[in-house]
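Okay, structure first, notes after.
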Amino acid sequence: MTSTVRKKGIVIQNTKLAKDIYSLWLEAPFIADSARPGQFVSLYCKDGSRLLPRPISICEINKEKGRIRLVFRVVGKGTEEFSYLQEKDTLDLMGPLGNGFNLEGKKALIIGGGIGIPPLLELAKKLNCEKQVVLGFRDDIYMEEEFEAFGKVYISTEDGSKGVKGNVLDAIRYHQLEADIIYACGPKPMLKGIKDYAIEHGIKAQLSLEERMACGVGACLGCVCQSRETDMHTHVKNKRICKDGPVFYAEEVEL
Amino acid sequence: MTSTVRKKGIVIQNTKLAKDIYSLWLEAPFIADSARPGQFVSLYCKDGSRLLPRPISICEINKEKGRIRLVFRVVGKGTEEFSYLQEKDTLDLMGPLGNGFNLEGKKALIIGGGIGIPPLLELAKKLNCEKQVVLGFRDDIYMEEEFEAFGKVYISTEDGSKGVKGNVLDAIRYHQLEADIIYACGPKPMLKGIKDYAIEHGIKAQLSLEERMACGVGACLGCVCQSRETDMHTHVKNKRICKDGPVFYAEEVEL
Amino acid sequence: MNTSVNIAGITFQNPVTTASGTFGSGMEYSDYVDLSRLGAVTTKGVASVPWPGNPTPRIAETHGGMLNAIGLQNPGVEVFIKRDIPFLRQFDTKIIVNIVGRTIEDYCEVVDRLADCDVDMLEINISCPNVKEGGIAFGQDPRLVEEITSKIKVRAKQPVIMKLSPNVADIAEMARAAQAGGADALSLINTLTGMKIDINRRTFALANKTGGLSGPAIKPIAVRMVYQVANAVDLPIIGMGGITTAEDALEFIMAGATMIAVGTANFINPTATIEVLEGIKHFMIQQGVHDIHELIGCIKEK
Amino acid sequence: MNTSVNIAGITFQNPVTTASGTFGSGMEYSDYVDLSRLGAVTTKGVASVPWPGNPTPRIAETHGGMLNAIGLQNPGVEVFIKRDIPFLRQFDTKIIVNIVGRTIEDYCEVVDRLADCDVDMLEINISCPNVKEGGIAFGQDPRLVEEITSKIKVRAKQPVIMKLSPNVADIAEMARAAQAGGADALSLINTLTGMKIDINRRTFALANKTGGLSGPAIKPIAVRMVYQVANAVDLPIIGMGGITTAEDALEFIMAGATMIAVGTANFINPTATIEVLEGIKHFMIQQGVHDIHELIGCIKEK
Ligand SMILES: Cc1cc2nc3c(=O)[nH]c(=O)nc-3n(C[C@H](O)[C@H](O)[C@H](O)COP(=O)(O)OP(=O)(O)OC[C@H]3O[C@@H](n4cnc5c(N)ncnc54)[C@H](O)[C@@H]3O)c2cc1C
Ligand SMILES: Cc1cc2nc3c(=O)[nH]c(=O)nc-3n(C[C@H](O)[C@H](O)[C@H](O)COP(=O)(O)OP(=O)(O)OC[C@H]3O[C@@H](n4cnc5c(N)ncnc54)[C@H](O)[C@@H]3O)c2cc1C
Ligand SMILES: Cc1cc2nc3c(=O)[nH]c(=O)nc-3n(C[C@H](O)[C@H](O)[C@H](O)COP(=O)(O)O)c2cc1C
Ligand SMILES: Cc1cc2nc3c(=O)[nH]c(=O)nc-3n(C[C@H](O)[C@H](O)[C@H](O)COP(=O)(O)O)c2cc1C
Ligand code: FES
Ligand code: FES
């Protein structure tokens with residue numbers, strides 16, 4: 001039997017980082033125990049009209065205290081509910097789910113876009129090599145300092161209010177950053193750009209994908225992405241993001 | 001425009017009176033202002049899977065402080081939700097609804113059965129005549145002292161653990177209580193017994209009825225009871241408990 | 001910003017009306033809502049004579065919805081004409097009268113009686129699941145839908161909306177039948193037949209055993225049917241089924257509804273109609289939509 | 001206390017199974033649930049060859065329910081036989097194989113292929129709303145229901161359950177057709193066709209436009225249909241549609257279901273099946289029910 005059952009976590013702290021962005025520390029030793037960077041959890045809503053669990057990536061893990069940190073953006077009713085959580089409140093969650101990143105390479109480019117940034121923090125912490133961090137924002141900047149502890153941070157903003165004007169690839173090109181491994185999380189167009197960039201430059205890349213989920217454990221086939229080869233489990237050209245991902249090597253998947 | 005719109009009340013106090021019985025004081029001046037004994041409010045659940053408002057009678061009114069008291073029994077998910085309410089929590093409610101009791105008579109019998117007891121407290125307080133109170137319980141006794149402030153209290157219990165063994169009518173007969181007006185609230189079989197008793201003894205009786213409700217304001221025709229005569233509004237032999245009641249004269253309705 | 005819409009020659013100041021049976025004749029909710037702000041008030045189903053309806057319990061709550069088995073209790077068309085029409089005419093809103101019957105003749109009697117009355121449209125309820133005869137029986141057979149529609153159309157002085165039942169395999173077929181019968185507009189959906197069992201008492205929660213399921217729970221079915229009907233016929237559609245917020249209403253409008261009706265949501269929030277209307281306007285401003293017609297059926301085909 | 005039930009000669013240790021497509025082949029949930037405790041595992045629909053399913057998004061949440069348009073992605077019957085049957089046979093539970101196809105021949109091919117396999121029952125899905133051909137098209141026409149049932153029955157070596165679609169006007173008619181075709185049992189309901197619109201992007205929430213509505217929202221419809229079918233035919237019924245708790249399951253059993261399946265609830269709570277089973281037993285103890293058969297259809301007629 002797995003330990004990843006639906007269980008109660010306790011809210012340690014819930015703070016607002018930026019407009020609509022919240023940082024939630026939870027006491028959930030059953031998750032913290034075995035969690036790895038790049039994995040995610042399923043958060044359940046209290047309101048019975050919202051049935052499906054919300055997948056949220058793990059941002060930080062504190063194994064000693066049995067705590068995990070989640071950073072999320074309020075985009076709908078579920079995340080709105082989570083934004084109201086207060087110290088000592090409980091909430092149901094399940095995890096850790098998914099595969100997480102493979103820690104590898106000598107010189108890494110860690111690339112995050114928007115709400116794809118938080119999942120990379122624990123990775124930056126755990127990765128034992130030279131690290132460059134590229135963060136792309138639309139406007140509001142957050143978590144920049146937190147990443148600076150682990151490597152040099154380069155910023156891109158769509159409005160040019162900070163760092164390079166444009167997207168993360170513009171920043172990479174502008175700063176002429178080099179690497180033998182890319183770790184990336186963010187919106188699909190960004191990941192597609194990074195995939196092309198990585199292939200062009202012969203750099204290995206691990207990409208963390210997103211899709212609407214129901215079960216979160218690989219049973220419902222709701223969250224598939226197209227794979228280049230026939231998948232061992234599904235026997236079609238489909239992989240389950242919740243179970244076989246969310247992290248894939250760029251060449252495994254069609255974006 | 002009415003003042004009985006759906007609005008937020010604030011929990012002042014929520015205490016457990018007996019097994020599954022809770023007493024809830026709410027700050028709700030928009031209700032306290034105009035409420036009369038025998039009226040009720042519609043309480044809304046926070047959980048979006050439970051749509052319909054829960055009708056709960058007003059137990060006490062404090063106009064000065066703008067507060068009302070509700071006493072309810074936990075019988076399902078909605079009342080369970082209310083039992084968790086804590087000081088300072090808010091909850092949506094609408095009221096006052098329904099007609100309430102007509103204050104009349106010289107010597108009154110106030111008869112409550114089970115969770116039909118609390119709605120009679122404000123009546124006992126407001127009624128300006130000789131008052132005798134008969135309370136019927138299954139087992140656990142509650143609110144007895146509160147009624148003693150307004151008249152002599154007679155108890156019946158089904159198991160005979162206190163007062164007269166049996167129901168409220170057994171207590172009335174045992175104590176040979178007389179009256180020119182009866183006010184009663186409780187389960188249907190009790191009300192039916194009281195109706196027969198009142199007719200037999202030529203006593204006027206006001207009965208507070210209960211039915212499943214949707215709108216609570218007389219629009220959906222969900223909550224009707226059979227009336228003896230054709231009703232002025234519905235033009236059939238039906239009255240709406242939420243709007244034309246919940247209090248009816250015994251001879252108006254078929255039980 | 002234009003929010004007014006036109007159905008069969010009648011202009012409604014905005015696309016928001018009430019779902020029949022959830023708003024009485026408007027009287028009860030006139031304490032909560034300025035009826036003059038609604039596009040129309042659609043009244044509770046009325047028959048040629050008073051109907052007593054079903055025994056209680058008539059209401060049961062379900063997850064995200066409710067069951068009702070009112071059984072079309074109504075005071076009959078005479079009372080309706082004397083009391084409810086004059087009441088509603090005090091307000092600057094259109095009147096849509098929902099009509100029920102046990103036989104085609106029943107329906108026609110009410111239609112005839114209303115011919116000279118000051119009401120704007122008739123909505124023919126051939127989809128009530130809570131009465132033994134009439135109601136839904138007419139709404140599940142395309143030949144009957146066409147027949148009843150054409151017989152009513154011959155006599156009706158006001159435009160006729162046929163209200164369709166969702167308890168069918170192919171809603172488009174029913175819509176086409178109503179169109180063939182000459183309907184001026186369609187409204188959908190009525191309730192889905194459902195049941196709740198009280199397991200402790202081992203009885204039905206409703207005295208009538210079955211009831212009509214309404215509320216947010218059924219919205220996805222309703223949106224799908226509105227979309228299918230909008231793509232099957234050329235008639236204007238009044239969409240309903242679980243509309244609680246402006247966002248819900250906009251789903252129906254984008255799926256192809258010209259007007260929308262707020263039903264069960266009135267019970268949850270007596271000012272729901274106005275909040276839906278305000279929300280639609282807010283959305284239009286935010287998205288730079290100048291005319292509601294830009295939204296109607298805007299995703300009809302990709 | 002007896003919780004075991006028998007359907008078409010197969011004995012199930014208890015009436016709880018899984019709804020096809022919500023439990024994979026049991027493998028994923030075997031981490032959460034001891035499969036040996038279930039009456040049966042009903043597996044995801046399997047076709048004669050691998051199916052890739054629909055494009056994403058395949059999932060959308062609705063009020064009290066969800067829409068799915070997986071499109072019957074499956075690895076094909078060969079992989080199923082090699083991998084999933086041996087996996088499930090490790091556990092002390094029965095295996096019900098859900099079968100899909102685009103043509104009657106497709107279904108028959110899978111049935112033939114499974115003839116010599118160690119599975120207990122076949123469940124024929126003629127009610128999937130998410131594929132263009134096959135699926136639901138078979139489930140909405142009584143003549144087709146009878147035809148496909150009888151053609152499958154001729155070849156099947158295991159008892160055959162026909163899984164009915166709720167997207168019909170008269171579920172009892174479909175049940176009678178399946179009975180006429182020789183079905184050994186019926187399961188119902190599959191999902192109701194629904195739609196969700198993303199109003200900000202003015203597109204369908206699902207790539208497939210429509211999807212199947214499941215979850216607590218649809219339970220009242222499912223209970224009603226189980227009740228109607230139980231009163232229309234003599235076949236054992238596997239009831240499903242929104243079952244989340246033991247109380248839900250008991251509604252279906254009292255309405256006439258011999259077994260019940262837990263579907264969408266698995267996504268909300270991976271141990272839902274076991275909690276439903278425990279809850280049923282608890283209810284039986286509390287109410288002094290010695291045999292589950294005392295509850296099956298116990299309110300069939302008042
Ligand atoms: C593996 C994975 C990791 C994620 N990690 C994070 C994270 O660390 N921080 C963060 O803010 N967000 C993250 N997301 C996105 C997050 O799951 C959604 O923003 C969230 O589910 C929205 O819920 P809602 O109720 O507020 O929105 P609603 O739109 O009301 O939700 C309705 C339904 O759609 C689903 N949904 C909506 N948006 C998304 C989306 N982008 N991806 C998947 N499902 C969605 C919801 O889960 C729900 O089932 C992640 C998504 C995935 C798949
Ligand atoms: C006019 C009136 C006054 C009432 N006053 C009180 C009071 O002062 N204290 C008190 O404890 N109870 C009172 N009740 C009963 C109270 O409304 C129900 O116990 C409560 O609604 C149960 O809600 P639930 O969610 O816990 O139960 P559930 O069974 O989960 O409720 C499901 C649905 O059934 C309805 N329902 C269930 N039981 C009843 C019932 N007995 N009467 C009407 N609707 C019901 C609920 O409102 C809800 O819509 C009153 C009822 C009426 C009609
Ligand atoms: C209590 C109640 C009474 C209803 N009465 C009628 C009626 O008289 N005539 C009719 O055509 N529809 C009637 N309906 C159906 C509604 O008009 C509407 O079609 C249905 O409830 C779906 O909309 P909703 O989910 O917004 O409520 C009634 C619905 C409810 C809940
Ligand atoms: C994601 C998903 C996939 C499904 N796949 C199948 C399937 O392959 N075959 C089938 O017969 N039913 C399938 N169904 C329908 C379920 O088995 C069940 O009939 C329906 O969901 C109603 O039950 P529920 O509300 O408990 O989920 C699927 C349902 C869901 C939600
Ligand atoms: S969410 Fe069910 S397979 Fe991924
Ligand atoms: S609850 Fe609607 S009329 Fe009384």
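We name chains A, B, ... following the order of the structure tokens; residues begin at 1 in each chain, and ligands are numbered from 1 as shown.
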
Could you produce a table of the residues of chain B lying within 12 Å of chain D, with the nearest pair of atoms per residue and their separation in Å rounded to one decimal, using only C-alpha atoms, ordered by chain and increasing residue number, as a tab-separated table?
residue	atom	partner	partner_atom	distance
B:Asp47	CA	D:Gly64	CA	10.9
B:Gly48	CA	D:His63	CA	8.3
B:Ser49	CA	D:Gly64	CA	6.5
B:Arg50	CA	D:Gly64	CA	10.0
B:Leu51	CA	D:His63	CA	11.2

Would you mind exporting the chosen residues as a PDB file, in the first residue's frame, restricted to all heavy atoms?
ATOM      1  N   ASP B  47     -21.484  25.277   1.909  1.00  0.00           N
ATOM      2  CA  ASP B  47     -21.107  24.278   0.922  1.00  0.00           C
ATOM      3  C   ASP B  47     -22.031  24.362  -0.285  1.00  0.00           C
ATOM      4  O   ASP B  47     -23.249  24.205  -0.168  1.00  0.00           O
ATOM      5  CB  ASP B  47     -21.176  22.892   1.542  1.00  0.00           C
ATOM      6  CG  ASP B  47     -20.536  21.856   0.656  1.00  0.00           C
ATOM      7  OD1 ASP B  47     -20.994  21.664  -0.502  1.00  0.00           O
ATOM      8  OD2 ASP B  47     -19.571  21.221   1.093  1.00  0.00           O
ATOM      9  N   GLY B  48     -21.426  24.601  -1.441  1.00  0.00           N
ATOM     10  CA  GLY B  48     -22.186  24.809  -2.664  1.00  0.00           C
ATOM     11  C   GLY B  48     -22.931  23.589  -3.167  1.00  0.00           C
ATOM     12  O   GLY B  48     -23.702  23.686  -4.115  1.00  0.00           O
ATOM     13  N   SER B  49     -22.701  22.434  -2.559  1.00  0.00           N
ATOM     14  CA  SER B  49     -23.464  21.264  -2.993  1.00  0.00           C
ATOM     15  C   SER B  49     -24.834  21.223  -2.322  1.00  0.00           C
ATOM     16  O   SER B  49     -25.688  20.459  -2.725  1.00  0.00           O
ATOM     17  CB  SER B  49     -22.689  19.973  -2.695  1.00  0.00           C
ATOM     18  OG  SER B  49     -22.575  19.774  -1.306  1.00  0.00           O
ATOM     19  N   ARG B  50     -25.022  22.039  -1.287  1.00  0.00           N
ATOM     20  CA  ARG B  50     -26.315  22.100  -0.586  1.00  0.00           C
ATOM     21  C   ARG B  50     -26.956  23.436  -0.891  1.00  0.00           C
ATOM     22  O   ARG B  50     -26.622  24.452  -0.305  1.00  0.00           O
ATOM     23  CB  ARG B  50     -26.107  21.954   0.923  1.00  0.00           C
ATOM     24  CG  ARG B  50     -25.586  20.597   1.323  1.00  0.00           C
ATOM     25  CD  ARG B  50     -25.604  20.411   2.827  1.00  0.00           C
ATOM     26  NE  ARG B  50     -24.495  21.055   3.497  1.00  0.00           N
ATOM     27  CZ  ARG B  50     -23.269  20.560   3.588  1.00  0.00           C
ATOM     28  NH1 ARG B  50     -22.998  19.398   3.033  1.00  0.00           N
ATOM     29  NH2 ARG B  50     -22.319  21.203   4.221  1.00  0.00           N
ATOM     30  N   LEU B  51     -27.894  23.414  -1.812  1.00  0.00           N
ATOM     31  CA  LEU B  51     -28.401  24.669  -2.341  1.00  0.00           C
ATOM     32  C   LEU B  51     -29.499  25.292  -1.509  1.00  0.00           C
ATOM     33  O   LEU B  51     -29.580  26.510  -1.374  1.00  0.00           O
ATOM     34  CB  LEU B  51     -28.955  24.433  -3.745  1.00  0.00           C
ATOM     35  CG  LEU B  51     -27.967  23.901  -4.782  1.00  0.00           C
ATOM     36  CD1 LEU B  51     -28.713  23.570  -6.057  1.00  0.00           C
ATOM     37  CD2 LEU B  51     -26.886  24.938  -5.052  1.00  0.00           C
TER      38      LEU B  51
END

Got a sec to check which residues lie within 7 Å of ligand 2, using only C-alpha atoms and all ligand atoms, and send them as a PDB file with N, CA and C atoms, in the first residue's frame?
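Here's the written file selection39.pdb:
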ATOM      1  N   PHE B  40     -39.784  32.560  11.150  1.00  0.00           N
ATOM      2  CA  PHE B  40     -38.569  31.766  10.965  1.00  0.00           C
ATOM      3  C   PHE B  40     -37.610  32.490  10.027  1.00  0.00           C
ATOM      4  N   LEU B  52     -30.392  24.472  -1.014  1.00  0.00           N
ATOM      5  CA  LEU B  52     -31.619  25.023  -0.444  1.00  0.00           C
ATOM      6  C   LEU B  52     -31.393  25.589   0.950  1.00  0.00           C
ATOM      7  N   PRO B  53     -32.057  26.699   1.216  1.00  0.00           N
ATOM      8  CA  PRO B  53     -31.958  27.270   2.557  1.00  0.00           C
ATOM      9  C   PRO B  53     -32.639  26.364   3.572  1.00  0.00           C
ATOM     10  N   ARG B  54     -32.114  26.371   4.796  1.00  0.00           N
ATOM     11  CA  ARG B  54     -32.716  25.590   5.878  1.00  0.00           C
ATOM     12  C   ARG B  54     -33.607  26.499   6.709  1.00  0.00           C
ATOM     13  N   PRO B  55     -34.897  26.190   6.793  1.00  0.00           N
ATOM     14  CA  PRO B  55     -35.785  27.002   7.632  1.00  0.00           C
ATOM     15  C   PRO B  55     -35.574  26.688   9.115  1.00  0.00           C
ATOM     16  N   ILE B  56     -35.307  27.713   9.899  1.00  0.00           N
ATOM     17  CA  ILE B  56     -35.136  27.544  11.347  1.00  0.00           C
ATOM     18  C   ILE B  56     -35.927  28.653  12.048  1.00  0.00           C
ATOM     19  N   SER B  57     -36.705  28.250  13.028  1.00  0.00           N
ATOM     20  CA  SER B  57     -37.546  29.212  13.739  1.00  0.00           C
ATOM     21  C   SER B  57     -36.723  30.127  14.626  1.00  0.00           C
ATOM     22  N   ILE B  58     -37.250  31.300  14.828  1.00  0.00           N
ATOM     23  CA  ILE B  58     -36.600  32.252  15.721  1.00  0.00           C
ATOM     24  C   ILE B  58     -36.979  31.889  17.157  1.00  0.00           C
ATOM     25  N   CYS B  59     -35.962  31.724  17.981  1.00  0.00           N
ATOM     26  CA  CYS B  59     -36.179  31.293  19.366  1.00  0.00           C
ATOM     27  C   CYS B  59     -36.246  32.488  20.300  1.00  0.00           C
ATOM     28  N   LEU B  70     -31.269  31.206  17.513  1.00  0.00           N
ATOM     29  CA  LEU B  70     -31.852  30.035  16.873  1.00  0.00           C
ATOM     30  C   LEU B  70     -31.428  28.815  17.674  1.00  0.00           C
ATOM     31  N   VAL B  71     -32.315  27.872  17.834  1.00  0.00           N
ATOM     32  CA  VAL B  71     -31.934  26.599  18.466  1.00  0.00           C
ATOM     33  C   VAL B  71     -32.290  25.494  17.495  1.00  0.00           C
ATOM     34  N   PHE B  72     -31.292  24.683  17.188  1.00  0.00           N
ATOM     35  CA  PHE B  72     -31.541  23.674  16.147  1.00  0.00           C
ATOM     36  C   PHE B  72     -30.973  22.315  16.540  1.00  0.00           C
ATOM     37  N   ARG B  73     -31.539  21.306  15.921  1.00  0.00           N
ATOM     38  CA  ARG B  73     -31.070  19.938  16.121  1.00  0.00           C
ATOM     39  C   ARG B  73     -30.294  19.495  14.877  1.00  0.00           C
ATOM     40  N   VAL B  74     -29.161  18.859  15.078  1.00  0.00           N
ATOM     41  CA  VAL B  74     -28.393  18.334  13.950  1.00  0.00           C
ATOM     42  C   VAL B  74     -29.068  17.064  13.442  1.00  0.00           C
ATOM     43  N   VAL B  75     -29.591  17.149  12.234  1.00  0.00           N
ATOM     44  CA  VAL B  75     -30.263  15.974  11.649  1.00  0.00           C
ATOM     45  C   VAL B  75     -29.676  15.600  10.300  1.00  0.00           C
ATOM     46  N   GLY B  76     -28.873  16.475   9.728  1.00  0.00           N
ATOM     47  CA  GLY B  76     -28.298  16.201   8.405  1.00  0.00           C
ATOM     48  C   GLY B  76     -27.081  17.066   8.191  1.00  0.00           C
ATOM     49  N   LYS B  77     -26.654  17.144   6.929  1.00  0.00           N
ATOM     50  CA  LYS B  77     -25.408  17.826   6.593  1.00  0.00           C
ATOM     51  C   LYS B  77     -25.482  19.336   6.831  1.00  0.00           C
ATOM     52  N   GLY B  78     -26.658  19.921   6.583  1.00  0.00           N
ATOM     53  CA  GLY B  78     -26.777  21.361   6.729  1.00  0.00           C
ATOM     54  C   GLY B  78     -26.675  21.780   8.192  1.00  0.00           C
ATOM     55  N   THR B  79     -27.475  21.161   9.020  1.00  0.00           N
ATOM     56  CA  THR B  79     -27.425  21.507  10.444  1.00  0.00           C
ATOM     57  C   THR B  79     -26.078  21.090  11.044  1.00  0.00           C
ATOM     58  N   GLU B  80     -25.454  20.056  10.484  1.00  0.00           N
ATOM     59  CA  GLU B  80     -24.107  19.714  10.939  1.00  0.00           C
ATOM     60  C   GLU B  80     -23.161  20.881  10.661  1.00  0.00           C
ATOM     61  N   ILE B 115     -37.901  19.443  18.993  1.00  0.00           N
ATOM     62  CA  ILE B 115     -37.277  20.646  18.451  1.00  0.00           C
ATOM     63  C   ILE B 115     -38.331  21.715  18.141  1.00  0.00           C
ATOM     64  N   GLY B 116     -39.604  21.418  18.447  1.00  0.00           N
ATOM     65  CA  GLY B 116     -40.659  22.414  18.355  1.00  0.00           C
ATOM     66  C   GLY B 116     -40.711  23.308  19.593  1.00  0.00           C
ATOM     67  N   PRO B 118     -38.076  25.299  21.050  1.00  0.00           N
ATOM     68  CA  PRO B 118     -37.414  26.619  21.021  1.00  0.00           C
ATOM     69  C   PRO B 118     -38.262  27.753  20.436  1.00  0.00           C
ATOM     70  N   PRO B 119     -39.020  27.527  19.357  1.00  0.00           N
ATOM     71  CA  PRO B 119     -39.775  28.647  18.774  1.00  0.00           C
ATOM     72  C   PRO B 119     -40.785  29.258  19.741  1.00  0.00           C
ATOM     73  N   LEU B 209     -46.627  24.658  11.741  1.00  0.00           N
ATOM     74  CA  LEU B 209     -46.390  23.475  10.905  1.00  0.00           C
ATOM     75  C   LEU B 209     -45.012  23.504  10.240  1.00  0.00           C
ATOM     76  N   GLU B 210     -44.646  22.352   9.671  1.00  0.00           N
ATOM     77  CA  GLU B 210     -43.343  22.171   9.036  1.00  0.00           C
ATOM     78  C   GLU B 210     -43.529  21.447   7.718  1.00  0.00           C
ATOM     79  N   GLU B 211     -42.778  21.807   6.731  1.00  0.00           N
ATOM     80  CA  GLU B 211     -42.771  21.052   5.466  1.00  0.00           C
ATOM     81  C   GLU B 211     -41.462  21.360   4.739  1.00  0.00           C
ATOM     82  N   ARG B 212     -41.047  20.478   3.830  1.00  0.00           N
ATOM     83  CA  ARG B 212     -39.857  20.735   3.002  1.00  0.00           C
ATOM     84  C   ARG B 212     -40.069  21.997   2.196  1.00  0.00           C
ATOM     85  N   MET B 213     -39.091  22.859   2.206  1.00  0.00           N
ATOM     86  CA  MET B 213     -39.223  24.126   1.508  1.00  0.00           C
ATOM     87  C   MET B 213     -38.132  24.308   0.462  1.00  0.00           C
ATOM     88  N   ALA B 214     -38.448  25.102  -0.536  1.00  0.00           N
ATOM     89  CA  ALA B 214     -37.408  25.520  -1.484  1.00  0.00           C
ATOM     90  C   ALA B 214     -37.237  27.029  -1.364  1.00  0.00           C
ATOM     91  N   CYS B 242     -44.782  28.415   4.247  1.00  0.00           N
ATOM     92  CA  CYS B 242     -43.753  29.454   4.398  1.00  0.00           C
ATOM     93  C   CYS B 242     -44.348  30.852   4.413  1.00  0.00           C
ATOM     94  N   PRO B 246     -45.850  29.845   9.160  1.00  0.00           N
ATOM     95  CA  PRO B 246     -46.060  28.442   9.543  1.00  0.00           C
ATOM     96  C   PRO B 246     -47.172  28.251  10.566  1.00  0.00           C
TER      97      PRO B 246
ATOM     98  N   ALA C  60     -37.135  17.856  -2.619  1.00  0.00           N
ATOM     99  CA  ALA C  60     -36.015  17.154  -2.003  1.00  0.00           C
ATOM    100  C   ALA C  60     -34.730  17.749  -2.555  1.00  0.00           C
ATOM    101  N   GLU C  61     -33.774  17.901  -1.674  1.00  0.00           N
ATOM    102  CA  GLU C  61     -32.499  18.441  -2.127  1.00  0.00           C
ATOM    103  C   GLU C  61     -31.602  17.314  -2.624  1.00  0.00           C
TER     104      GLU C  61
END

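Between ligand 5 and the residues D:Ser150, D:Thr17, D:Asn125, D:Asn266, the shortest atom-to-atom distance, using only C-alpha atoms and all ligand atoms, involves D:Asn266.
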
Which neighbours of stretch 3-10 of chain D fall inside 10 Å, counting only C-alpha atoms, when residues of the same chain fewer than 2 positions from it are skipped, and could you give them as number ranges by chain? D: 1, 12-16, 39, 94, 120-121, 158-161, 183-185, 235-238, 258-259, 277, 280-281, 284, 290-293

Within 7 Å of chain D, which residues of chain C come that close, and what is the closest atom pair and distance in Å for each? Count only C-alpha atoms and give it as CSV.
residue,atom,partner,partner_atom,distance
C:His63,CA,D:Ala217,CA,5.6
C:Gly64,CA,D:Gly64,CA,5.6
C:Gln140,CA,D:Ala169,CA,6.6
C:Asn167,CA,D:Ala169,CA,5.1
C:Val168,CA,D:Ala169,CA,4.0
C:Ala169,CA,D:Val168,CA,4.0
C:Thr193,CA,D:Ile221,CA,6.2
C:Gly194,CA,D:Ile221,CA,4.3
C:Met195,CA,D:Arg224,CA,4.7
C:Lys196,CA,D:Pro220,CA,5.8
C:Ile197,CA,D:Glu251,CA,5.5
C:Ile199,CA,D:Glu251,CA,6.2
C:Arg202,CA,D:Ile299,CA,6.2
C:Thr203,CA,D:Ile299,CA,6.2
C:Pro216,CA,D:His63,CA,6.0
C:Ala217,CA,D:Ala217,CA,4.8
C:Pro220,CA,D:Gly194,CA,4.6
C:Ile221,CA,D:Gly194,CA,4.3
C:Val223,CA,D:Met195,CA,5.9
C:Arg224,CA,D:Met195,CA,4.7
C:Leu250,CA,D:Ile199,CA,6.7
C:Glu251,CA,D:Ile197,CA,5.6
C:Ile299,CA,D:Arg202,CA,6.2

Which residues sit within 8 Å of ligand 3, counting only C-alpha atoms and all ligand atoms, listed as a PyMOL selection string? (chain B and resi 214+220-222) or (chain C and resi 18-22+43-46+59+65-70+72-73+98-100+123-128+163+188-191+212-219+240-244+261-265)

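The shortest atom-to-atom distance to ligand 1, with only C-alpha atoms and all ligand atoms taken into account, belongs to A:Asp244 out of A:Glu148, A:Asp244, A:Asp89, A:Asp33.
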
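Neighbours of D:Lys157 closer than or equal to 12 Å, with only C-alpha atoms counted and sequence neighbours fewer than 2 positions away skipped, come out as D:Cys108, D:Val110, D:Val111, D:Asp112, D:Arg113, D:Leu114, D:Ala115, D:Asp116, D:Cys117, D:Asp118, D:Val119, D:Asp120, D:Met121, D:Leu122, D:Ile152, D:Lys153, D:Val154, D:Arg155, D:Pro159, D:Val160, D:Asp184.
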